[in-house]
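Everything below concerns the one structure shown next.
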Amino acid sequence: MGNDGYLPLFETKRANGRTLYRVFAGSIFVGICLIWSYRVSHVPRDGEDGRLVWIGLVAAELWFGFYWFLTQAHRWNLVYRQTFKDRLSHRYGNELPGVDIFVCTADPVIEPPMMVINTVLSVMAYDYPPEKLSVYLSDDAGSQLTFYALLEASQFAKYWIPFCKKFNVEPRSPAAYLDSISISDDSKQPKELATIKKLYEDMKNQVENVAKLGRLPEVHLRHKGFSEWDSYSSRHDHDTILQILIDGKDPNAKDSEECVLPTLVYVAREKRQQYFHNFKAGAMNALIRVSSAISNGQIVLNVDCDMYSNNSLAVRDALCFFMDEKKGHEIAYVQFPQNFDNITKNELYSSSLRVISQVEFHGLDGYGGPLYIGTGCFHRRDTLCGRQFSREIHNEFKIDIPRDREREETTAVLEEKSKVLASCTYENNTEWGKEMGLKYGCPVEDVITGLSIQCRGWKSVYYNPERKAFLGVAPTTLAQILVQHKRWSEGDFQILLSKYSPAWFANGKISLGLQLGYCCYCLWATNCLAVLYYSIVPSLYLLRGIPLFPELSSPWFFPFAYVVISNYMYSLAEYLWSGGTVLGWWNDQRIWLYKRTSSYLLGFINIIAKSLGLHSDSAFVITAKVSKQEVYRRYVKEIMEFGDSSPMFTALATIALINLVCLIGLMKKAIVNEGIPIIYETMLLQFVLCAILVLINWPLYQGLFFRKDNGKMPNYIAIKSIVLAVSSCTCFTLFST
């Protein structure tokens with residue numbers, strides 16, 4: 001199509017109020033500079049109390065100011081996208097590229113098969129030509145149960161897909177849809193609903209009964225696919241298992257309405273003890289190769305196994321970016337936000353990543369695109385395979401059938417030929433994991449892969465539609481959220497120290513704003529030092545009556561007050577604007593503190609130890625997608641869960657108790673010595689900091705002292721933390737000079 005009368009398939013709008021925000025940010029920066037000036041000009045002389053701790057505060061506040069500057073990359077240039085799917089349909093009709101969808105699972109216990117197949121069914125039912133849609137399930141556990149569940153889903157899909165399209169069902173995950181209508185008036189529902197409900201319940205019961213048995217009955221083992229497990233030794237030692245359950249090119253693969261079905265493939269790549277399998281990145285790379293032989297879709301979508309499609313038009317939204325005649329050729333991937341369907345009203349664990357998805361990624365989009373976050377992302381296949389951007393590239397979306405399939409090749413032959421592509425040795429002496437596919441050697445393989453794509457000249461797009469494209473399962477315990485953020489912060493910090501660091505590898509290859517945005521996430525782990533210092537040291541010095549902040553009557557008091565109050569008021573306004581609640585913001589501040597004094601601290605220590613050769617590579621920890629009923633009930637009631645044993649809980653409890661002891665000790669001194677006016681005049685900021693730290697830790701004190709349920713803090717952690725906190729305060733008071 002020529003440019004005459006050109007109508008774009010998407011538009012980009014800059015956020016309102018940018019000038020006002022920049023003025024506000026400028027005033028904060030002035031305040032930060034004044035705080036630095038105060039610290040440098042008021043360092044105690046040699047021999048005076050607090051000199052060393054003052055120098056520590058200088059370092060901490062320099063860091064806070066520097067990191068605040070980095071965060072401005074997320075807020076300085078926000079943009080919002082809008083797609084025009086009607087123009088896409090009018091312009092191209094059904095002449096659309098093939099789309100291959102990858103769903104990855106790795107453990108049938110942590111990631112139950114029913115949850116996995118609901119995700120698979122939701123993407124199979126996309127509003128998209130089914131002959132151009134192929135869905136691949138990667139099962140890194142090589143589980144017969146998961147394969148059986150997918151086999152059952154392939155039969156249910158024959159009824160579910162036409163039902164979805166006939167009645168324009170949303171969402172297209174059967175479990176989510178049936179739950180959403182369970183409280184509705186059945187008289188208003190289509191008659192076919194009863195049939196779908198029965199088919200789904202039958203499938204669910206069969207899969208769950210097999211899961212309870214722990215094995216498959218003989219009657220179910222008759223399908224030829226189960227013979228693949230004859231050579232199976234364990235999940236870490238087996239041949240490639242590959243089954244095309246639905247071949248979309250088979251004229252007999254029809255649904256109940258005699259319409260074509262999408263291709264559906266099960267893949268468990270080969271595993272051997274002597275070969276490192278590279279976790280999710282290895283699974284994704286195997287799928288890229290296998291899919292190239294079977295369907296070779298030019299667009300690749302990958303989703304986590306819990307991240308079902310909530311919007312059947314999301315694939316068309318993504319194509320509006322890729323297929324735009326003027327700008328589409330620049331775009332390597334379209335990232336949708338990570339949203340969740342089990343978030344409580346006030347987001348006890350701040351699991352929704354609300355500010356990141358509603359603010360920060362829009363800011364990165366203004367500088368060339370967001371990070372690739374490993375799920376809910378549509379890619380050009382060739383960019384995943386290492387293609388360099390060139391201005392000579394034009395959109396050339398065609399239906400690419402692999403040459404091997406141009407012959408009338410049987411499904412069985414194709415399966416056998418494709419297995420080689422998922423073998424342990426296929427990548428030997430190749431660029432896979434280096435310049436092709438997802439990169440290896442990092443716990444956050446998605447982030448480093450996205451960065452390398454952008455450094456090859458490509459742009460990415462962040463699209464956050466009103467109807468969320470994907471909904472997943474958020475962590476439901478404190479231990480889960482802390483472990484998840486430990487992996488993220490550790491992986492991001494590892495990127496910073498690697499040859500792919502955005503600080504030097506990306507220099508000159510991406511915009512400065514995007515570089516700063518990446519560095520902001522890569523420096524998550526290093527935040528632990530300044531926050532840990534600020535969370536402990538000022539409170540300890542309250543016990544000795546040594547002020548570390550300007551007096552109330554000093555003019556230097558106002559920069560501190562302005563920066564603190566303005567930042568927190570802006571943070572609250574930003575959170576509320578993003579759709580949160582006041583209590584949700586307060587919970588977010590608590591988790592902000594907990595992550596920096598536990599998750600990020602351990603992540604930082606691990607990477608430093610690894611750099612010194614004292615620690616091996618980190619394992620990829622899968623976040624549990626299910627919880628015990630008792631734990632989940634507490635989560636719904638927004639009662640914090642401390643029942644798990646974790647060294648991170650010891651750190652959190654010790655810091656919380658140090659602040660409590662310091663506050664009680666200060667109040668006792670003030671009351672006995674009638675020193676309340678003196679504290680108010682000389683140590684107000686220090687007192688407020690300690691009091692806020694005590695207040696924000698209230699759920700932790702409940703877990704330590706008041707709760708009797710199984711979600712309380714384990715007794716041995718409580719005792720250890722009390723001993724550590726009291727000992728620290730006592731020793732500091734008696735022996736510090």
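Chain lettering (A, B, ...) mirrors the order of the structure tokens, residue numbering begins at 1 for each chain separately, and ligand numbering begins at 1 in order of display.
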Quick one: which segment 573-650 of chain A residues come within 12 Å of segment 721-731 of chain A, and what is the nearest atom pair for each with the distance in Å to one decimal, counting only C-alpha atoms, rows ordered by chain and ascending number, as a Markdown table?
```
| residue | atom | partner | partner_atom | distance |
| --- | --- | --- | --- | --- |
| A:Pro647 | CA | A:Ser721 | CA | 10.6 |
| A:Met648 | CA | A:Ser721 | CA | 11.2 |
| A:Phe649 | CA | A:Ser721 | CA | 9.0 |
| A:Thr650 | CA | A:Ser721 | CA | 5.9 |
```
Write out, as a short mmCIF file (atom, residue, chain, number, x, y, z; two decimals), in the first residue's frame, the residues just selected, with all heavy atoms.
```
data_model
loop_
_atom_site.label_atom_id
_atom_site.label_comp_id
_atom_site.auth_asym_id
_atom_site.auth_seq_id
_atom_site.Cartn_x
_atom_site.Cartn_y
_atom_site.Cartn_z
N PRO A 647 15.50 -17.47 55.99
CA PRO A 647 16.48 -16.56 56.61
C PRO A 647 16.12 -15.10 56.40
O PRO A 647 16.54 -14.24 57.18
CB PRO A 647 17.79 -16.93 55.90
CG PRO A 647 17.38 -17.59 54.62
CD PRO A 647 16.10 -18.30 54.94
N MET A 648 15.33 -14.82 55.36
CA MET A 648 14.92 -13.44 55.13
C MET A 648 13.99 -12.95 56.24
O MET A 648 13.99 -11.77 56.58
CB MET A 648 14.25 -13.31 53.76
CG MET A 648 15.23 -13.46 52.61
SD MET A 648 14.56 -13.12 50.98
CE MET A 648 13.78 -14.68 50.61
N PHE A 649 13.20 -13.86 56.82
CA PHE A 649 12.33 -13.48 57.93
C PHE A 649 13.15 -13.09 59.16
O PHE A 649 12.76 -12.20 59.92
CB PHE A 649 11.39 -14.63 58.28
CG PHE A 649 10.28 -14.85 57.30
CD1 PHE A 649 9.42 -15.93 57.43
CD2 PHE A 649 10.10 -13.99 56.22
CE1 PHE A 649 8.39 -16.14 56.53
CE2 PHE A 649 9.07 -14.19 55.30
CZ PHE A 649 8.22 -15.26 55.45
N THR A 650 14.28 -13.76 59.36
CA THR A 650 15.15 -13.42 60.50
C THR A 650 15.66 -12.00 60.35
O THR A 650 15.66 -11.22 61.33
CB THR A 650 16.33 -14.40 60.58
OG1 THR A 650 15.84 -15.74 60.68
CG2 THR A 650 17.20 -14.09 61.79
#
```
Report task. Find the residues near Leu287 of chain A: any atom within 9 Å, counting only C-alpha atoms, skip ones fewer than 2 places away on the same chain, and give them as JSON, numbers by chain. Result -> {"A": [102, 136, 137, 138, 267, 269, 282, 283, 284, 285, 289, 290, 291, 292, 421, 422]}
Keeping only N, CA, C and O atoms, take the residues you just selected and write them out as a PDB file, in the first residue's frame.
```pdb
ATOM      1  N   PHE A 102       3.936 -19.957  22.575  1.00  0.00           N
ATOM      2  CA  PHE A 102       4.697 -20.847  23.450  1.00  0.00           C
ATOM      3  C   PHE A 102       4.180 -20.720  24.882  1.00  0.00           C
ATOM      4  O   PHE A 102       4.137 -19.618  25.442  1.00  0.00           O
ATOM      5  N   TYR A 136       2.246 -24.304  21.302  1.00  0.00           N
ATOM      6  CA  TYR A 136       3.250 -25.274  21.736  1.00  0.00           C
ATOM      7  C   TYR A 136       3.347 -25.235  23.254  1.00  0.00           C
ATOM      8  O   TYR A 136       3.536 -24.167  23.846  1.00  0.00           O
ATOM      9  N   LEU A 137       3.221 -26.399  23.877  1.00  0.00           N
ATOM     10  CA  LEU A 137       3.412 -26.507  25.322  1.00  0.00           C
ATOM     11  C   LEU A 137       4.755 -27.160  25.590  1.00  0.00           C
ATOM     12  O   LEU A 137       4.991 -28.313  25.209  1.00  0.00           O
ATOM     13  N   SER A 138       5.643 -26.420  26.259  1.00  0.00           N
ATOM     14  CA  SER A 138       6.925 -26.975  26.683  1.00  0.00           C
ATOM     15  C   SER A 138       6.778 -27.472  28.111  1.00  0.00           C
ATOM     16  O   SER A 138       6.471 -26.695  29.018  1.00  0.00           O
ATOM     17  N   VAL A 267       5.792 -30.652  23.790  1.00  0.00           N
ATOM     18  CA  VAL A 267       7.245 -30.836  23.687  1.00  0.00           C
ATOM     19  C   VAL A 267       7.859 -30.960  25.079  1.00  0.00           C
ATOM     20  O   VAL A 267       7.650 -30.084  25.927  1.00  0.00           O
ATOM     21  N   ARG A 269      11.660 -31.389  25.941  1.00  0.00           N
ATOM     22  CA  ARG A 269      12.984 -31.508  25.313  1.00  0.00           C
ATOM     23  C   ARG A 269      13.828 -32.563  26.013  1.00  0.00           C
ATOM     24  O   ARG A 269      13.603 -32.881  27.193  1.00  0.00           O
ATOM     25  N   GLY A 282      16.432 -22.245  27.892  1.00  0.00           N
ATOM     26  CA  GLY A 282      16.681 -23.429  27.080  1.00  0.00           C
ATOM     27  C   GLY A 282      15.401 -23.996  26.496  1.00  0.00           C
ATOM     28  O   GLY A 282      15.367 -24.436  25.336  1.00  0.00           O
ATOM     29  N   ALA A 283      14.333 -23.988  27.294  1.00  0.00           N
ATOM     30  CA  ALA A 283      13.043 -24.476  26.809  1.00  0.00           C
ATOM     31  C   ALA A 283      12.518 -23.602  25.680  1.00  0.00           C
ATOM     32  O   ALA A 283      12.003 -24.100  24.661  1.00  0.00           O
ATOM     33  N   MET A 284      12.630 -22.293  25.838  1.00  0.00           N
ATOM     34  CA  MET A 284      12.165 -21.369  24.802  1.00  0.00           C
ATOM     35  C   MET A 284      12.948 -21.562  23.510  1.00  0.00           C
ATOM     36  O   MET A 284      12.376 -21.565  22.409  1.00  0.00           O
ATOM     37  N   ASN A 285      14.244 -21.723  23.604  1.00  0.00           N
ATOM     38  CA  ASN A 285      15.059 -21.897  22.394  1.00  0.00           C
ATOM     39  C   ASN A 285      14.717 -23.198  21.678  1.00  0.00           C
ATOM     40  O   ASN A 285      14.706 -23.258  20.441  1.00  0.00           O
ATOM     41  N   ARG A 289      13.108 -23.544  17.707  1.00  0.00           N
ATOM     42  CA  ARG A 289      13.603 -24.425  16.646  1.00  0.00           C
ATOM     43  C   ARG A 289      12.529 -25.417  16.196  1.00  0.00           C
ATOM     44  O   ARG A 289      12.318 -25.624  14.996  1.00  0.00           O
ATOM     45  N   VAL A 290      11.857 -26.042  17.161  1.00  0.00           N
ATOM     46  CA  VAL A 290      10.834 -27.033  16.821  1.00  0.00           C
ATOM     47  C   VAL A 290       9.704 -26.389  16.025  1.00  0.00           C
ATOM     48  O   VAL A 290       9.248 -26.925  15.010  1.00  0.00           O
ATOM     49  N   SER A 291       9.256 -25.226  16.473  1.00  0.00           N
ATOM     50  CA  SER A 291       8.140 -24.557  15.783  1.00  0.00           C
ATOM     51  C   SER A 291       8.530 -24.127  14.374  1.00  0.00           C
ATOM     52  O   SER A 291       7.682 -24.071  13.474  1.00  0.00           O
ATOM     53  N   SER A 292       9.811 -23.834  14.152  1.00  0.00           N
ATOM     54  CA  SER A 292      10.240 -23.429  12.809  1.00  0.00           C
ATOM     55  C   SER A 292      10.081 -24.568  11.814  1.00  0.00           C
ATOM     56  O   SER A 292       9.891 -24.338  10.616  1.00  0.00           O
ATOM     57  N   LEU A 421      15.718 -31.267  16.950  1.00  0.00           N
ATOM     58  CA  LEU A 421      15.873 -29.843  17.245  1.00  0.00           C
ATOM     59  C   LEU A 421      15.767 -29.545  18.737  1.00  0.00           C
ATOM     60  O   LEU A 421      16.120 -28.457  19.182  1.00  0.00           O
ATOM     61  N   ALA A 422      15.251 -30.512  19.506  1.00  0.00           N
ATOM     62  CA  ALA A 422      15.120 -30.325  20.959  1.00  0.00           C
ATOM     63  C   ALA A 422      16.059 -31.237  21.723  1.00  0.00           C
ATOM     64  O   ALA A 422      15.859 -31.491  22.911  1.00  0.00           O
TER      65      ALA A 422
END
```
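Here atom CA of Ile288 of chain A stands at a distance of 29.9 Å from atom CA of Met203 of chain A.
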**Report entry** segment 446-448 of chain A environment, 8 Å, only C-alpha atoms, sequence neighbours closer than 6 positions dropped, as a PyMOL selection string
**Finding:** chain A and resi 281+371-374+438-439+492+495+500
Query raised in the report: How many Å separate atom CA of Ile356 of chain A from atom CA of Leu583 of chain A?
Result: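 Between atom CA of Ile356 of chain A and atom CA of Leu583 of chain A the gap is 18.1 Å.
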Please, which residues in segment 216-293 of chain A fall within 10 Å of segment 150-161 of chain A when counting only C-alpha atoms, and what is the closest atom pair and distance in Å to one decimal for each, ordered by chain then residue number, as a Markdown table?
```
| residue | atom | partner | partner_atom | distance |
| --- | --- | --- | --- | --- |
| A:His223 | CA | A:Leu151 | CA | 9.2 |
| A:Gly225 | CA | A:Leu151 | CA | 9.2 |
| A:Gln243 | CA | A:Leu151 | CA | 9.8 |
| A:Leu245 | CA | A:Ser154 | CA | 6.9 |
| A:Ile246 | CA | A:Ser154 | CA | 7.1 |
| A:Ala253 | CA | A:Lys158 | CA | 9.1 |
| A:Lys254 | CA | A:Lys158 | CA | 7.1 |
| A:Asp255 | CA | A:Lys158 | CA | 4.1 |
| A:Ser256 | CA | A:Lys158 | CA | 5.5 |
| A:Glu257 | CA | A:Tyr159 | CA | 8.2 |
| A:Glu258 | CA | A:Lys158 | CA | 9.1 |
| A:Cys259 | CA | A:Lys158 | CA | 9.1 |
| A:Val260 | CA | A:Lys158 | CA | 9.5 |
| A:Leu261 | CA | A:Lys158 | CA | 7.5 |
| A:Pro262 | CA | A:Ala157 | CA | 9.5 |
| A:Thr263 | CA | A:Ser154 | CA | 9.7 |
| A:Leu264 | CA | A:Ser154 | CA | 7.5 |
| A:Val265 | CA | A:Leu150 | CA | 9.1 |
| A:Tyr266 | CA | A:Leu150 | CA | 7.8 |
```
Requested in this report: One decimal, Å: what's the distance from atom CA of Asn339 of chain A over to atom CA of Tyr80 of chain A, could you say?
Outcome: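 Rounded to one decimal, the two atoms are 17.6 Å apart.
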Query raised in the report: Nearest to Ile510 of chain A: which of A:Ile196, A:Ile55, A:Ile679, A:Cys455 is it, counting only C-alpha atoms?
Result: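 Once distances to Ile510 of chain A are computed over only C-alpha atoms, the minimum belongs to A:Cys455.
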Query - Nearest-residue call for Ala653 of chain A, choices A:Tyr575, A:Tyr635, A:Trp698, A:Phe226, using only C-alpha atoms - result: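 Of the candidates, the smallest distance to Ala653 of chain A is held by A:Trp698.
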Report task. Return as a PyMOL selection string the full set of residues in segment 196-383 of chain A whose backbone-based DSSP assignment is alpha helix (DSSP H). Result -> chain A and resi 196-213+279-294+314-322+354-355+361-365+381-383
Can I get the selection written as a compact mmCIF listing (two decimals), in the first residue's frame, with C-alpha atoms?
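Result file again.txt:
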```
# COMPACT_ATOMS: atom_id res chain seq x y z
CA ILE A 196 -19.82 -26.80 27.87
CA LYS A 197 -20.03 -26.85 31.66
CA LYS A 198 -20.55 -30.61 31.69
CA LEU A 199 -17.70 -31.23 29.23
CA TYR A 200 -15.37 -29.05 31.24
CA GLU A 201 -16.30 -30.62 34.58
CA ASP A 202 -15.83 -34.10 33.11
CA MET A 203 -12.38 -33.14 31.82
CA LYS A 204 -11.44 -31.49 35.11
CA ASN A 205 -12.56 -34.50 37.16
CA GLN A 206 -10.65 -36.92 34.95
CA VAL A 207 -7.42 -34.91 35.15
CA GLU A 208 -7.68 -34.32 38.90
CA ASN A 209 -8.54 -37.95 39.60
CA VAL A 210 -5.44 -39.04 37.68
CA ALA A 211 -3.39 -36.48 39.64
CA LYS A 212 -4.66 -37.94 42.92
CA LEU A 213 -3.84 -41.47 41.82
CA PHE A 279 16.03 -23.52 32.55
CA LYS A 280 13.29 -21.52 30.80
CA ALA A 281 15.68 -19.97 28.27
CA GLY A 282 16.68 -23.43 27.08
CA ALA A 283 13.04 -24.48 26.81
CA MET A 284 12.17 -21.37 24.80
CA ASN A 285 15.06 -21.90 22.39
CA ALA A 286 14.01 -25.50 21.83
CA LEU A 287 10.49 -24.30 21.03
CA ILE A 288 11.80 -21.69 18.58
CA ARG A 289 13.60 -24.43 16.65
CA VAL A 290 10.83 -27.03 16.82
CA SER A 291 8.14 -24.56 15.78
CA SER A 292 10.24 -23.43 12.81
CA ALA A 293 9.99 -26.95 11.41
CA ILE A 294 6.27 -27.42 12.11
CA ALA A 314 -4.71 -9.07 21.91
CA VAL A 315 -3.04 -10.80 18.96
CA ARG A 316 -4.65 -8.30 16.58
CA ASP A 317 -3.55 -5.44 18.84
CA ALA A 318 0.03 -6.67 18.53
CA LEU A 319 -0.24 -6.96 14.75
CA CYS A 320 -1.35 -3.33 14.53
CA PHE A 321 2.18 -2.45 15.61
CA PHE A 322 4.05 -5.00 13.52
CA ARG A 354 0.99 -1.52 39.72
CA VAL A 355 3.30 1.47 39.38
CA PHE A 361 6.92 1.02 31.45
CA HIS A 362 5.02 3.84 29.74
CA GLY A 363 8.03 6.02 30.55
CA LEU A 364 10.46 3.50 29.04
CA ASP A 365 8.22 3.28 25.98
CA ARG A 381 10.68 -14.61 15.01
CA ASP A 382 13.69 -13.30 13.09
CA THR A 383 14.67 -10.85 15.84
```
Requested in this report: Identify which of the residues A:Pro559, A:Pro465, A:Gly65, A:Pro130 lies closest to Leu34 of chain A, counting only C-alpha atoms when measuring atom-to-atom distances.
Outcome: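 Using only C-alpha atoms, the shortest distance to Leu34 of chain A belongs to A:Pro559.
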**Report entry** Arg81 of chain A surroundings by only C-alpha atoms, 12 Å radius, close-in-sequence under 2 positions cut, as a ChimeraX atom specification
**Finding:** /A:8-15,78-79,83-84,317-318,320-321,334-336,361-363,365-366,369,461-466
Query raised in the report: Of the candidates A:Val23, A:Ile393, A:Ile28, A:Val58, which shows the shortest atom-to-atom distance to Tyr534 of chain A, using only C-alpha atoms?
Result: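 Counting only C-alpha atoms, the residue closest to Tyr534 of chain A is A:Val58.
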